[in-house]
file coords_16.cif (mmCIF, C-alpha atoms)
data_coords
loop_
_atom_site.label_atom_id
_atom_site.label_comp_id
_atom_site.auth_asym_id
_atom_site.auth_seq_id
_atom_site.Cartn_x
_atom_site.Cartn_y
_atom_site.Cartn_z
CA ARG A 28 -52.23 -34.41 -69.80
CA ARG A 29 -55.97 -34.00 -69.99
CA TRP A 30 -56.30 -35.38 -66.46
CA TYR A 31 -55.53 -33.68 -63.18
CA VAL A 32 -53.11 -36.00 -61.37
CA VAL A 33 -53.83 -34.42 -57.98
CA GLU A 34 -57.54 -35.23 -58.13
CA PHE A 35 -56.86 -38.74 -59.39
CA VAL A 36 -54.43 -39.52 -56.54
CA PHE A 37 -56.77 -37.95 -53.99
CA LEU A 38 -59.71 -40.11 -55.08
CA ALA A 39 -57.56 -43.25 -55.42
CA ILE A 40 -56.39 -42.87 -51.82
CA ALA A 41 -59.97 -42.28 -50.65
CA LEU A 42 -61.08 -45.38 -52.56
CA VAL A 43 -58.47 -47.57 -50.87
CA ALA A 44 -59.00 -46.14 -47.39
CA SER A 45 -62.79 -46.50 -47.58
CA ALA A 46 -62.49 -50.26 -48.09
CA TYR A 47 -60.41 -50.71 -44.93
CA TRP A 48 -62.54 -48.31 -42.93
CA LEU A 49 -65.78 -50.12 -43.79
CA SER A 50 -64.35 -53.51 -42.79
CA GLY A 51 -63.08 -52.05 -39.52
CA LEU A 52 -66.45 -50.44 -38.84
CA GLY A 53 -68.18 -53.73 -39.62
CA LYS A 54 -66.01 -55.47 -37.02
CA VAL A 55 -66.95 -52.85 -34.43
CA ARG A 56 -70.65 -53.38 -35.15
CA LEU A 57 -70.24 -57.14 -34.72
CA GLY A 58 -68.37 -56.71 -31.45
CA TRP A 59 -65.20 -58.17 -32.92
CA LEU A 60 -62.98 -56.82 -30.14
CA THR A 61 -65.39 -57.46 -27.26
CA ALA A 62 -65.90 -61.07 -28.33
CA GLY A 63 -62.48 -61.99 -26.95
CA PRO A 64 -59.28 -63.30 -28.56
CA HIS A 65 -60.40 -65.58 -31.36
CA LEU A 66 -58.06 -65.28 -34.35
CA ASP A 67 -56.64 -68.74 -33.69
CA GLY A 68 -60.02 -70.19 -34.65
CA LEU A 69 -59.54 -68.94 -38.20
CA LEU A 70 -56.14 -70.64 -38.38
CA PHE A 71 -57.67 -74.04 -37.65
CA ALA A 72 -60.62 -73.47 -39.98
CA THR A 73 -58.31 -72.73 -42.91
CA TYR A 74 -56.03 -75.60 -41.89
CA GLY A 75 -58.99 -77.96 -42.24
CA ASN A 76 -59.43 -76.64 -45.79
CA GLY A 77 -55.80 -77.24 -46.74
CA TRP A 78 -53.88 -74.12 -45.67
CA LEU A 79 -50.56 -75.21 -44.13
CA GLY A 80 -51.65 -78.74 -45.03
CA PHE A 81 -48.01 -79.86 -45.02
CA LEU A 82 -48.00 -79.48 -41.20
CA SER A 83 -49.07 -82.34 -38.95
CA VAL A 84 -51.93 -81.92 -36.47
CA ASP A 85 -49.39 -81.80 -33.64
CA SER A 86 -47.46 -79.02 -35.41
CA ILE A 87 -50.52 -76.89 -36.09
CA THR A 88 -51.63 -77.44 -32.49
CA ASP A 89 -48.26 -76.20 -31.23
CA LEU A 90 -48.60 -73.16 -33.50
CA GLY A 91 -52.07 -72.43 -32.16
CA GLN A 92 -50.88 -72.66 -28.59
CA ALA A 93 -47.92 -70.38 -29.35
CA MET A 94 -50.33 -67.75 -30.73
CA GLY A 95 -52.11 -67.45 -27.37
CA PRO A 96 -50.15 -64.51 -25.90
CA PHE A 97 -50.33 -62.60 -29.19
CA LEU A 98 -54.06 -62.87 -29.89
CA TRP A 99 -55.08 -59.62 -28.19
CA PRO A 100 -52.22 -57.60 -29.77
CA MET A 101 -53.14 -59.03 -33.18
CA LEU A 102 -56.80 -58.07 -32.73
CA ILE A 103 -55.94 -54.55 -31.62
CA ALA A 104 -53.39 -54.09 -34.41
CA ALA A 105 -55.91 -55.19 -37.06
CA ALA A 106 -58.50 -52.76 -35.69
CA ILE A 107 -55.98 -49.89 -35.69
CA VAL A 108 -54.96 -50.59 -39.29
CA GLU A 109 -58.53 -50.69 -40.62
CA LEU A 110 -60.16 -47.98 -38.53
CA GLY A 111 -57.07 -45.75 -38.72
CA ALA A 112 -57.53 -45.54 -42.49
CA ILE A 113 -59.91 -42.65 -41.83
CA ALA A 114 -56.90 -40.45 -40.92
CA VAL A 115 -54.77 -40.88 -44.07
CA PHE A 116 -55.45 -37.31 -45.27
CA TRP A 117 -54.56 -35.70 -41.97
CA HIS A 118 -50.81 -35.77 -42.62
CA ARG A 119 -48.49 -36.99 -45.38
CA ARG A 120 -46.63 -39.21 -42.91
CA LEU A 121 -49.88 -40.85 -41.84
CA LEU A 122 -50.67 -41.63 -45.48
CA PHE A 123 -47.28 -43.18 -46.15
CA GLY A 124 -47.30 -45.08 -42.86
CA TRP A 125 -50.77 -46.50 -43.38
CA LEU A 126 -50.01 -47.65 -46.94
CA VAL A 127 -47.08 -49.60 -45.52
CA LEU A 128 -49.30 -50.95 -42.72
CA PHE A 129 -51.91 -52.08 -45.25
CA ILE A 130 -49.29 -54.18 -47.05
CA LEU A 131 -47.93 -55.65 -43.81
CA PHE A 132 -51.52 -56.37 -42.74
CA HIS A 133 -52.11 -58.45 -45.87
CA PHE A 134 -48.90 -60.41 -45.37
CA GLY A 135 -50.06 -61.19 -41.83
CA VAL A 136 -53.48 -62.31 -43.04
CA PHE A 137 -51.81 -64.51 -45.65
CA ALA A 138 -49.54 -66.16 -43.08
CA LEU A 139 -52.48 -66.92 -40.80
CA THR A 140 -55.12 -67.99 -43.31
CA GLY A 141 -53.79 -68.35 -46.85
CA ILE A 142 -56.05 -65.47 -47.97
CA TRP A 143 -53.84 -63.52 -50.36
CA PHE A 144 -55.03 -60.03 -51.30
CA TRP A 145 -52.23 -59.70 -53.83
CA LYS A 146 -54.13 -57.21 -55.99
CA TRP A 147 -54.34 -54.79 -53.06
CA VAL A 148 -50.66 -55.29 -52.22
CA VAL A 149 -49.62 -54.58 -55.81
CA PHE A 150 -51.78 -51.46 -56.08
CA GLU A 151 -50.61 -50.07 -52.75
CA ALA A 152 -46.96 -50.78 -53.57
CA VAL A 153 -47.36 -48.94 -56.90
CA LEU A 154 -49.03 -46.05 -55.08
CA ILE A 155 -46.13 -45.85 -52.62
CA ALA A 156 -43.60 -45.88 -55.47
CA PHE A 157 -45.57 -43.14 -57.25
CA LEU A 158 -45.69 -40.94 -54.16
CA LEU A 159 -41.96 -41.38 -53.54
CA ARG A 160 -41.07 -40.48 -57.12
CA ASP A 161 -39.38 -37.08 -57.08
CA ARG A 162 -40.68 -36.73 -53.49
CA LEU A 163 -44.16 -36.20 -54.91
CA ILE A 164 -45.72 -36.88 -51.52
CA ASP A 165 -44.06 -33.70 -50.20
CA VAL A 166 -45.55 -31.42 -52.86
CA LEU A 167 -49.02 -32.88 -53.49
CA PRO A 168 -51.51 -30.28 -52.20
CA ILE A 169 -53.88 -32.85 -50.66
CA PHE A 170 -52.97 -32.41 -47.00
CA THR A 171 -54.73 -29.12 -46.40
CA VAL A 172 -57.61 -28.80 -43.94
CA PRO A 173 -60.28 -28.71 -46.72
CA HIS A 174 -58.76 -31.83 -48.31
CA ALA A 175 -58.61 -33.59 -44.92
CA VAL A 176 -62.28 -32.82 -44.25
CA LEU A 177 -63.41 -33.79 -47.74
CA GLY A 178 -61.23 -36.92 -47.70
CA THR A 179 -62.65 -38.03 -44.36
CA VAL A 180 -66.19 -37.52 -45.64
CA LEU A 181 -65.42 -39.56 -48.76
CA ILE A 182 -63.94 -42.40 -46.68
CA VAL A 183 -66.94 -42.50 -44.34
CA LEU A 184 -69.35 -42.40 -47.29
CA GLY A 185 -67.42 -45.09 -49.16
CA PRO A 186 -70.39 -47.54 -48.99
CA VAL A 187 -72.43 -44.98 -50.96
CA TRP A 188 -70.06 -44.02 -53.78
CA SER A 189 -67.63 -46.94 -54.11
CA ARG A 190 -69.50 -49.84 -52.48
CA PRO A 191 -66.51 -51.72 -51.00
CA VAL A 192 -66.99 -55.23 -49.61
CA ASP A 193 -67.50 -55.38 -45.84
CA LEU A 194 -64.92 -58.01 -44.83
CA SER A 195 -66.00 -58.45 -41.23
CA TRP A 196 -66.95 -61.57 -39.32
CA LEU A 197 -66.48 -63.34 -36.00
CA ASP A 198 -63.95 -66.15 -36.01
CA SER A 199 -65.14 -69.46 -34.61
CA PRO A 200 -63.26 -72.35 -32.99
CA VAL A 201 -65.87 -74.61 -34.56
CA SER A 202 -65.75 -75.19 -38.29
CA TYR A 203 -67.28 -77.32 -41.02
CA PHE A 204 -65.41 -78.37 -44.11
CA TYR A 205 -66.09 -80.77 -46.94
CA GLU A 206 -63.97 -83.49 -48.45
CA PHE A 207 -64.52 -84.78 -51.98
CA GLU A 208 -63.13 -88.30 -51.97
CA ALA A 209 -62.53 -89.94 -55.34
CA THR A 210 -62.66 -93.69 -55.87
CA ASP A 211 -60.89 -94.68 -59.08
CA VAL A 212 -61.68 -97.62 -61.34
CA ASP A 213 -59.08 -99.69 -59.47
CA GLY A 214 -60.86 -99.14 -56.15
CA GLU A 215 -58.21 -96.78 -54.73
CA THR A 216 -59.40 -93.68 -52.88
CA SER A 217 -57.88 -90.21 -52.54
CA LEU A 218 -59.09 -86.69 -51.76
CA LEU A 219 -59.68 -84.27 -54.61
CA PRO A 220 -57.81 -81.04 -53.68
CA PRO A 221 -59.42 -77.67 -54.48
CA TRP A 222 -57.07 -77.14 -57.45
CA PHE A 223 -58.66 -80.17 -59.12
CA PHE A 224 -61.83 -78.14 -59.66
CA ARG A 225 -60.17 -75.20 -61.44
CA PRO A 226 -61.52 -72.73 -62.47
CA TYR A 227 -63.90 -73.31 -59.54
CA ASP A 228 -61.10 -73.81 -56.99
CA HIS A 229 -62.10 -70.59 -55.19
CA GLN A 230 -65.54 -72.00 -54.40
CA PHE A 231 -64.13 -75.39 -53.42
CA THR A 232 -61.68 -73.71 -51.05
CA LEU A 233 -64.31 -71.51 -49.37
CA GLN A 234 -66.62 -74.56 -49.22
CA ASN A 235 -69.94 -72.85 -48.63
CA PHE A 236 -71.74 -76.18 -49.07
CA ALA A 237 -74.07 -76.23 -46.05
CA TYR A 238 -76.94 -77.02 -48.43
CA LEU A 239 -75.53 -80.54 -48.94
CA SER A 240 -76.23 -81.66 -45.36
CA ASN A 241 -79.65 -82.73 -44.08
CA ASP A 242 -78.61 -82.28 -40.44
CA GLU A 243 -78.72 -79.41 -37.98
CA GLN A 244 -75.64 -77.20 -38.27
CA LEU A 245 -74.45 -73.85 -37.02
CA PRO A 246 -74.28 -70.79 -39.35
CA ILE A 247 -70.50 -71.08 -39.69
CA VAL A 248 -68.68 -71.02 -43.02
CA TRP A 249 -64.89 -71.40 -43.20
CA GLY A 250 -64.61 -70.78 -39.47
CA ALA A 251 -66.54 -67.50 -39.65
CA THR A 252 -69.99 -66.41 -38.52
CA HIS A 253 -72.02 -63.19 -38.35
CA ASP A 254 -74.21 -64.50 -35.52
CA ARG A 255 -72.95 -63.08 -32.20
CA THR A 256 -75.11 -65.51 -30.20
CA VAL A 257 -73.50 -68.48 -31.92
CA ALA A 258 -70.03 -66.97 -31.61
CA ASP A 259 -70.43 -66.35 -27.86
CA ALA A 260 -71.72 -69.88 -27.33
CA VAL A 261 -68.90 -71.68 -29.15
CA TYR A 262 -66.27 -69.42 -27.50
CA GLU A 263 -67.51 -70.69 -24.14
CA ALA A 264 -67.48 -74.36 -25.18
CA ASP A 265 -64.94 -76.46 -23.31
CA THR A 266 -65.60 -79.95 -24.66
CA VAL A 267 -66.84 -81.70 -27.77
CA ASP A 268 -70.08 -82.50 -25.93
CA ASP A 269 -70.57 -78.75 -25.36
CA VAL A 270 -70.17 -78.13 -29.09
CA LEU A 271 -72.71 -80.81 -30.02
CA ARG A 272 -75.19 -79.41 -27.48
CA ILE A 273 -74.78 -75.89 -28.89
CA GLU A 274 -75.26 -77.23 -32.41
CA ALA A 275 -78.51 -78.94 -31.36
CA GLU A 276 -79.80 -75.77 -29.67
CA LEU A 277 -78.73 -73.09 -32.16
CA GLY A 278 -78.27 -75.02 -35.40
CA THR A 279 -80.67 -75.14 -38.34
CA ASN A 280 -81.21 -77.52 -41.21
CA ARG A 281 -79.99 -75.77 -44.35
CA PHE A 282 -80.47 -78.66 -46.77
CA GLU A 283 -81.47 -77.59 -50.30
CA PRO A 284 -82.48 -80.53 -52.56
CA THR A 285 -82.29 -78.49 -55.77
CA GLN A 286 -78.78 -77.21 -55.05
CA THR A 287 -77.68 -80.69 -53.98
CA GLU A 288 -78.91 -82.11 -57.28
CA ALA A 289 -77.04 -79.35 -59.10
CA MET A 290 -73.82 -80.25 -57.25
CA GLU A 291 -74.23 -83.94 -58.12
CA PHE A 292 -74.84 -83.05 -61.78
CA PHE A 293 -71.79 -80.76 -61.74
CA LEU A 294 -69.58 -83.54 -60.34
CA GLN A 295 -70.80 -86.02 -62.95
CA GLN A 296 -70.13 -83.57 -65.79
CA PHE A 297 -66.88 -82.08 -64.51
CA VAL A 298 -65.22 -85.31 -63.35
CA GLY A 299 -66.57 -87.18 -66.37
CA HIS A 300 -64.90 -84.69 -68.71
CA TRP A 301 -61.73 -84.86 -66.62
CA ASN A 302 -61.71 -88.63 -67.12
CA GLU A 303 -61.54 -88.03 -70.85
CA ARG A 304 -58.40 -85.86 -70.60
CA ARG A 305 -56.83 -86.88 -67.23
CA SER A 306 -55.29 -83.41 -67.13
CA HIS A 307 -56.06 -79.73 -66.60
CA SER A 308 -53.03 -78.59 -68.54
CA SER A 309 -53.52 -76.31 -71.51
CA GLY A 310 -51.94 -73.31 -73.10
CA PHE A 311 -53.91 -71.09 -70.74
CA SER A 312 -52.58 -72.88 -67.62
CA ILE A 313 -49.03 -71.67 -68.23
CA VAL A 314 -49.77 -68.05 -67.37
CA HIS A 315 -52.44 -67.32 -64.78
CA ALA A 316 -53.13 -64.95 -61.92
CA PRO A 317 -51.97 -65.93 -58.43
CA PRO A 318 -54.80 -67.52 -56.42
CA ASP A 319 -56.67 -65.49 -53.82
CA LEU A 320 -57.02 -68.51 -51.51
CA TRP A 321 -54.00 -70.77 -51.05
CA THR A 322 -54.07 -74.41 -50.00
CA PHE A 323 -51.52 -77.20 -49.85
CA SER A 324 -53.89 -80.17 -49.85
CA ASP A 325 -52.94 -82.96 -52.23
CA ASP A 326 -53.23 -86.32 -50.45
CA GLY A 327 -51.54 -88.25 -53.22
CA PHE A 328 -54.19 -87.78 -55.88
CA ASP A 329 -53.39 -89.94 -58.92
CA GLU A 330 -54.07 -88.06 -62.15
CA GLN A 331 -53.52 -91.11 -64.35
CA THR A 332 -56.48 -93.28 -63.33
CA ALA A 333 -60.10 -92.60 -64.22
CA ILE A 334 -62.49 -91.76 -61.38
CA ALA A 335 -65.50 -94.03 -60.88
CA SER A 336 -67.28 -92.18 -58.06
CA VAL A 337 -67.00 -89.20 -55.72
CA THR A 338 -68.04 -89.32 -52.07
CA ILE A 339 -68.80 -86.06 -50.25
CA TRP A 340 -67.93 -85.95 -46.56
CA GLN A 341 -68.74 -83.22 -44.06
CA VAL A 342 -66.16 -82.85 -41.28
CA MET A 343 -66.82 -80.83 -38.14
CA THR A 344 -63.81 -79.66 -36.09
CA PHE A 345 -63.26 -77.87 -32.78
CA TRP A 346 -60.25 -76.04 -31.34
CA ASP A 347 -60.49 -75.64 -27.55
CA GLY A 348 -57.33 -73.55 -27.21
CA ASP A 349 -55.18 -76.56 -26.36
CA GLU A 350 -56.26 -79.39 -28.65
CA PHE A 351 -57.72 -79.76 -32.13
CA PHE A 352 -60.59 -82.26 -32.36
CA GLU A 353 -62.45 -83.86 -35.23
CA VAL A 354 -65.95 -83.75 -33.78
CA ARG A 355 -67.77 -85.61 -36.51
CA ARG A 356 -67.34 -87.02 -39.99
CA ASN A 357 -70.54 -87.65 -41.96
CA MET A 358 -70.89 -89.10 -45.46
CA LEU A 359 -73.36 -86.86 -47.27
CA HIS A 360 -73.56 -88.15 -50.82
CA GLU A 361 -71.97 -90.65 -53.16
CA VAL A 362 -72.00 -89.67 -56.82
CA ASP A 363 -71.33 -92.22 -59.55
CA ILE A 364 -69.41 -90.85 -62.51
CA PRO A 365 -70.72 -92.07 -65.90
CA ALA A 366 -68.20 -94.12 -67.84
#

call {"tool": "encode", "arguments": {"input": "coords_16.cif", "output": "structure tokens"}}
result
Amino acid sequence: RRWYVVEFVFLAIALVASAYWLSGLGKVRLGWLTAGPHLDGLLFATYGNGWLGFLSVDSITDLGQAMGPFLWPMLIAAAIVELGAIAVFWHRRLLFGWLVLFILFHFGVFALTGIWFWKWVVFEAVLIAFLLRDRLIDVLPIFTVPHAVLGTVLIVLGPVWSRPVDLSWLDSPVSYFYEFEATDVDGETSLLPPWFFRPYDHQFTLQNFAYLSNDEQLPIVWGATHDRTVADAVYEADTVDDVLRIEAELGTNRFEPTQTEAMEFFLQQFVGHWNERRSHSSGFSIVHAPPDLWTFSDDGFDEQTAIASVTIWQVMTFWDGDEFFEVRRNMLHEVDIPA
């Protein structure tokens, strides 16, 4: 009873809305809407990393083609949800409606990419339940003109007082992803799925491993880029040859020997210790938080046989709107695992 519930709810709503507003503003600055319909590129980037991995290439291609007529509505809807967060204090119905839209937005993002903002969904659902309790939303005195002005100022100044993450990027039809192929002591090979590297599965799903390659490559990670020049160029690409030409013109060599050595050392240590146990199961694995990034990649990995070496492959893909191509597959490194 020492706390004023009204002020707490007011600031909690401002905190949530500022995060969406900043990401929407970031998209405007990047030219997210003027870059054209491009959300299907993110679908194929995450597919390469294991999202919807149970679907065949033909099935995911059919899905991408079916998305075509809905790309512009999806872009506009996402912009409305994020930028419209600035208006949540203007009317109680706007607040309730936008909290619902936030949750639906996250379910849509999850269906398209496997990115699961479950913590936001839970918090917003609890906030909705709280506001509906005893019709609290109808009596909270936070929808006056002074509150609306102050709330709008707080949302706009969110980067100053709450420092939310700016989740804005340009989706690319070109993507790079990395495969970690294990060769066991019997000579059989299989891909190591991201879950194998728990608790580092988040990093191995995002796969920001450009430093492993000693070749020219575009500044694209997980099908996303912040470089408008690169985004415009790959949007206009029609063929695989166009993509390779753009890579040669706009790409850079991002190889980092020290980081590459660190990755090789990590694989030797991590996989070597896994060989000793042949399992990740423990008392702590029974109860754990849901993952933020979901994948379905397995590829028949055998957990019973010791791993002798790990080969790192870089795969470059391209979605031209009709077909999904594997542009290139390069072997980057082969790491022997100590017995």

call {"tool": "closest_residue", "arguments": {"input": "coords_16.cif", "among": "A:Asp67, A:Asp213, A:Glu274, A:Asp268", "to": "A:Gln244", "atoms": "only C-alpha atoms"}}
result
A:Glu274

call {"tool": "closest_residue", "arguments": {"input": "coords_16.cif", "among": "A:Leu49, A:Ala41, A:Val342, A:Ile364", "to": "A:Val192", "atoms": "all atoms listed in the file"}}
result
A:Leu49

call {"tool": "residues_around", "arguments": {"input": "coords_16.cif", "residues": "A:Gly250", "least_positions_apart": "5", "cutoff": "7 Å", "atoms": "only C-alpha atoms", "output": "ChimeraX atom specification"}}
result
/A:68-69,72,198-202

call {"tool": "write_last_selection", "arguments": {"input": "coords_16.cif", "atoms": "C-alpha atoms", "output": "JSON list (two decimals), in the coordinates of the input"}}
result
[["chain", "number", "residue", "atom", "x", "y", "z"],
["A", 68, "GLY", "CA", -60.02, -70.19, -34.65],
["A", 69, "LEU", "CA", -59.54, -68.94, -38.20],
["A", 72, "ALA", "CA", -60.62, -73.47, -39.98],
["A", 198, "ASP", "CA", -63.95, -66.15, -36.01],
["A", 199, "SER", "CA", -65.14, -69.46, -34.61],
["A", 200, "PRO", "CA", -63.26, -72.35, -32.99],
["A", 201, "VAL", "CA", -65.87, -74.61, -34.56],
["A", 202, "SER", "CA", -65.75, -75.19, -38.29]]

call {"tool": "closest_atom_pairs", "arguments": {"input": "coords_16.cif", "of": "stretch 108-205 of chain A", "to": "stretch 316-338 of chain A", "cutoff": "12 Å", "atoms": "all atoms listed in the file", "output": "JSON lines"}}
result
{"residue": "A:His133", "atom": "CA", "partner": "A:Asp319", "partner_atom": "CA", "distance": 11.6}
{"residue": "A:Val136", "atom": "CA", "partner": "A:Leu320", "partner_atom": "CA", "distance": 11.1}
{"residue": "A:Phe137", "atom": "CA", "partner": "A:Trp321", "partner_atom": "CA", "distance": 8.6}
{"residue": "A:Ala138", "atom": "CA", "partner": "A:Trp321", "partner_atom": "CA", "distance": 10.2}
{"residue": "A:Leu139", "atom": "CA", "partner": "A:Trp321", "partner_atom": "CA", "distance": 11.1}
{"residue": "A:Thr140", "atom": "CA", "partner": "A:Trp321", "partner_atom": "CA", "distance": 8.3}
{"residue": "A:Gly141", "atom": "CA", "partner": "A:Trp321", "partner_atom": "CA", "distance": 4.9}
{"residue": "A:Ile142", "atom": "CA", "partner": "A:Leu320", "partner_atom": "CA", "distance": 4.8}
{"residue": "A:Trp143", "atom": "CA", "partner": "A:Asp319", "partner_atom": "CA", "distance": 4.9}
{"residue": "A:Phe144", "atom": "CA", "partner": "A:Asp319", "partner_atom": "CA", "distance": 6.2}
{"residue": "A:Trp145", "atom": "CA", "partner": "A:Asp319", "partner_atom": "CA", "distance": 7.3}
{"residue": "A:Lys146", "atom": "CA", "partner": "A:Asp319", "partner_atom": "CA", "distance": 8.9}
{"residue": "A:Trp147", "atom": "CA", "partner": "A:Asp319", "partner_atom": "CA", "distance": 11.0}
{"residue": "A:Val148", "atom": "CA", "partner": "A:Asp319", "partner_atom": "CA", "distance": 11.9}
{"residue": "A:Val149", "atom": "CA", "partner": "A:Pro317", "partner_atom": "CA", "distance": 11.9}
{"residue": "A:Tyr205", "atom": "CA", "partner": "A:Thr338", "partner_atom": "CA", "distance": 10.2}

call {"tool": "resolve_selection", "arguments": {"input": "coords_16.cif", "expression": "the PyMOL selection byres ((chain A and resi 33-38) around 9)", "output": "CSV table (one decimal) with C-alpha atoms, keeping the file's coordinate frame"}}
result
chain,number,residue,atom,x,y,z
A,30,TRP,CA,-56.3,-35.4,-66.5
A,31,TYR,CA,-55.5,-33.7,-63.2
A,32,VAL,CA,-53.1,-36.0,-61.4
A,39,ALA,CA,-57.6,-43.2,-55.4
A,40,ILE,CA,-56.4,-42.9,-51.8
A,41,ALA,CA,-60.0,-42.3,-50.6
A,42,LEU,CA,-61.1,-45.4,-52.6
A,43,VAL,CA,-58.5,-47.6,-50.9
A,116,PHE,CA,-55.4,-37.3,-45.3
A,154,LEU,CA,-49.0,-46.0,-55.1
A,167,LEU,CA,-49.0,-32.9,-53.5
A,168,PRO,CA,-51.5,-30.3,-52.2
A,169,ILE,CA,-53.9,-32.8,-50.7
A,174,HIS,CA,-58.8,-31.8,-48.3
A,178,GLY,CA,-61.2,-36.9,-47.7
A,181,LEU,CA,-65.4,-39.6,-48.8

call {"tool": "residues_around", "arguments": {"input": "coords_16.cif", "residues": "A:Leu110", "least_positions_apart": "5", "cutoff": "9 Å", "atoms": "all atoms listed in the file", "output": "list in words"}}
result
Tyr47, Trp48, Leu49, Ser50, Gly51, Leu52 and Ala105 of chain A

call {"tool": "residues_around", "arguments": {"input": "coords_16.cif", "residues": "stretch 224-231 of chain A", "least_positions_apart": "2", "cutoff": "9 Å", "atoms": "all atoms listed in the file", "output": "VMD selection string"}}
result
chain A and resid 205 219 to 222 233 to 236 297 to 298 307 318 to 320

call {"tool": "write_last_selection", "arguments": {"input": "coords_16.cif", "atoms": "C-alpha atoms", "output": "PDB file, in the frame of the given file"}}
result
ATOM      1  CA  TYR A 205     -66.090 -80.770 -46.940  1.00  0.00           C
ATOM      2  CA  LEU A 219     -59.680 -84.270 -54.610  1.00  0.00           C
ATOM      3  CA  PRO A 220     -57.810 -81.040 -53.680  1.00  0.00           C
ATOM      4  CA  PRO A 221     -59.420 -77.670 -54.480  1.00  0.00           C
ATOM      5  CA  TRP A 222     -57.070 -77.140 -57.450  1.00  0.00           C
ATOM      6  CA  LEU A 233     -64.310 -71.510 -49.370  1.00  0.00           C
ATOM      7  CA  GLN A 234     -66.620 -74.560 -49.220  1.00  0.00           C
ATOM      8  CA  ASN A 235     -69.940 -72.850 -48.630  1.00  0.00           C
ATOM      9  CA  PHE A 236     -71.740 -76.180 -49.070  1.00  0.00           C
ATOM     10  CA  PHE A 297     -66.880 -82.080 -64.510  1.00  0.00           C
ATOM     11  CA  VAL A 298     -65.220 -85.310 -63.350  1.00  0.00           C
ATOM     12  CA  HIS A 307     -56.060 -79.730 -66.600  1.00  0.00           C
ATOM     13  CA  PRO A 318     -54.800 -67.520 -56.420  1.00  0.00           C
ATOM     14  CA  ASP A 319     -56.670 -65.490 -53.820  1.00  0.00           C
ATOM     15  CA  LEU A 320     -57.020 -68.510 -51.510  1.00  0.00           C
TER      16      LEU A 320
END

call {"tool": "atom_distance", "arguments": {"input": "coords_16.cif", "atom1": "atom CA of A:Ile103", "atom2": "atom CA of A:Ala156"}}
result
28.2 Å

call {"tool": "resolve_selection", "arguments": {"input": "coords_16.cif", "expression": "the PyMOL selection byres ((chain A and resi 348-354) around 9)", "output": "list in words"}}
result
Asp67, Gly68, Phe71, Val84, Asp85, Ile87, Thr88, Asp89, Gly91, Gln92, Gly95, Pro200, Val267, Asp268, Val270, Leu271, Val342, Met343, Thr344, Phe345, Trp346, Asp347, Arg355 and Arg356 of chain A

call {"tool": "decode", "arguments": {"input": "coords_16.cif", "residues": "stretch 118-147 of chain A", "atoms": "C-alpha atoms", "output": "mmCIF file, in the first residue's frame"}}
result
data_model
loop_
_atom_site.group_PDB
_atom_site.id
_atom_site.type_symbol
_atom_site.label_atom_id
_atom_site.label_comp_id
_atom_site.auth_asym_id
_atom_site.auth_seq_id
_atom_site.Cartn_x
_atom_site.Cartn_y
_atom_site.Cartn_z
ATOM 1 C CA HIS A 118 -8.241 6.891 -25.047
ATOM 2 C CA ARG A 119 -8.858 3.817 -22.892
ATOM 3 C CA ARG A 120 -10.119 1.878 -25.922
ATOM 4 C CA LEU A 121 -6.927 2.660 -27.815
ATOM 5 C CA LEU A 122 -4.876 1.307 -24.918
ATOM 6 C CA PHE A 123 -6.841 -1.928 -24.703
ATOM 7 C CA GLY A 124 -6.885 -2.351 -28.481
ATOM 8 C CA TRP A 125 -3.166 -1.792 -28.861
ATOM 9 C CA LEU A 126 -2.277 -4.238 -26.069
ATOM 10 C CA VAL A 127 -4.263 -6.871 -27.961
ATOM 11 C CA LEU A 128 -2.566 -5.859 -31.225
ATOM 12 C CA PHE A 129 0.865 -6.162 -29.604
ATOM 13 C CA ILE A 130 0.121 -9.779 -28.658
ATOM 14 C CA LEU A 131 -1.272 -10.623 -32.110
ATOM 15 C CA PHE A 132 1.784 -8.940 -33.643
ATOM 16 C CA HIS A 133 4.111 -11.258 -31.731
ATOM 17 C CA PHE A 134 2.159 -14.344 -32.769
ATOM 18 C CA GLY A 135 2.495 -13.201 -36.382
ATOM 19 C CA VAL A 136 6.238 -12.653 -36.022
ATOM 20 C CA PHE A 137 6.563 -16.097 -34.460
ATOM 21 C CA ALA A 138 4.669 -17.778 -37.300
ATOM 22 C CA LEU A 139 6.860 -16.087 -39.906
ATOM 23 C CA THR A 140 10.282 -16.324 -38.285
ATOM 24 C CA GLY A 141 10.323 -18.445 -35.131
ATOM 25 C CA ILE A 142 11.230 -15.353 -33.084
ATOM 26 C CA TRP A 143 9.149 -15.761 -29.938
ATOM 27 C CA PHE A 144 8.829 -12.692 -27.711
ATOM 28 C CA TRP A 145 7.027 -14.729 -25.075
ATOM 29 C CA LYS A 146 8.108 -12.460 -22.213
ATOM 30 C CA TRP A 147 6.354 -9.509 -23.861
#
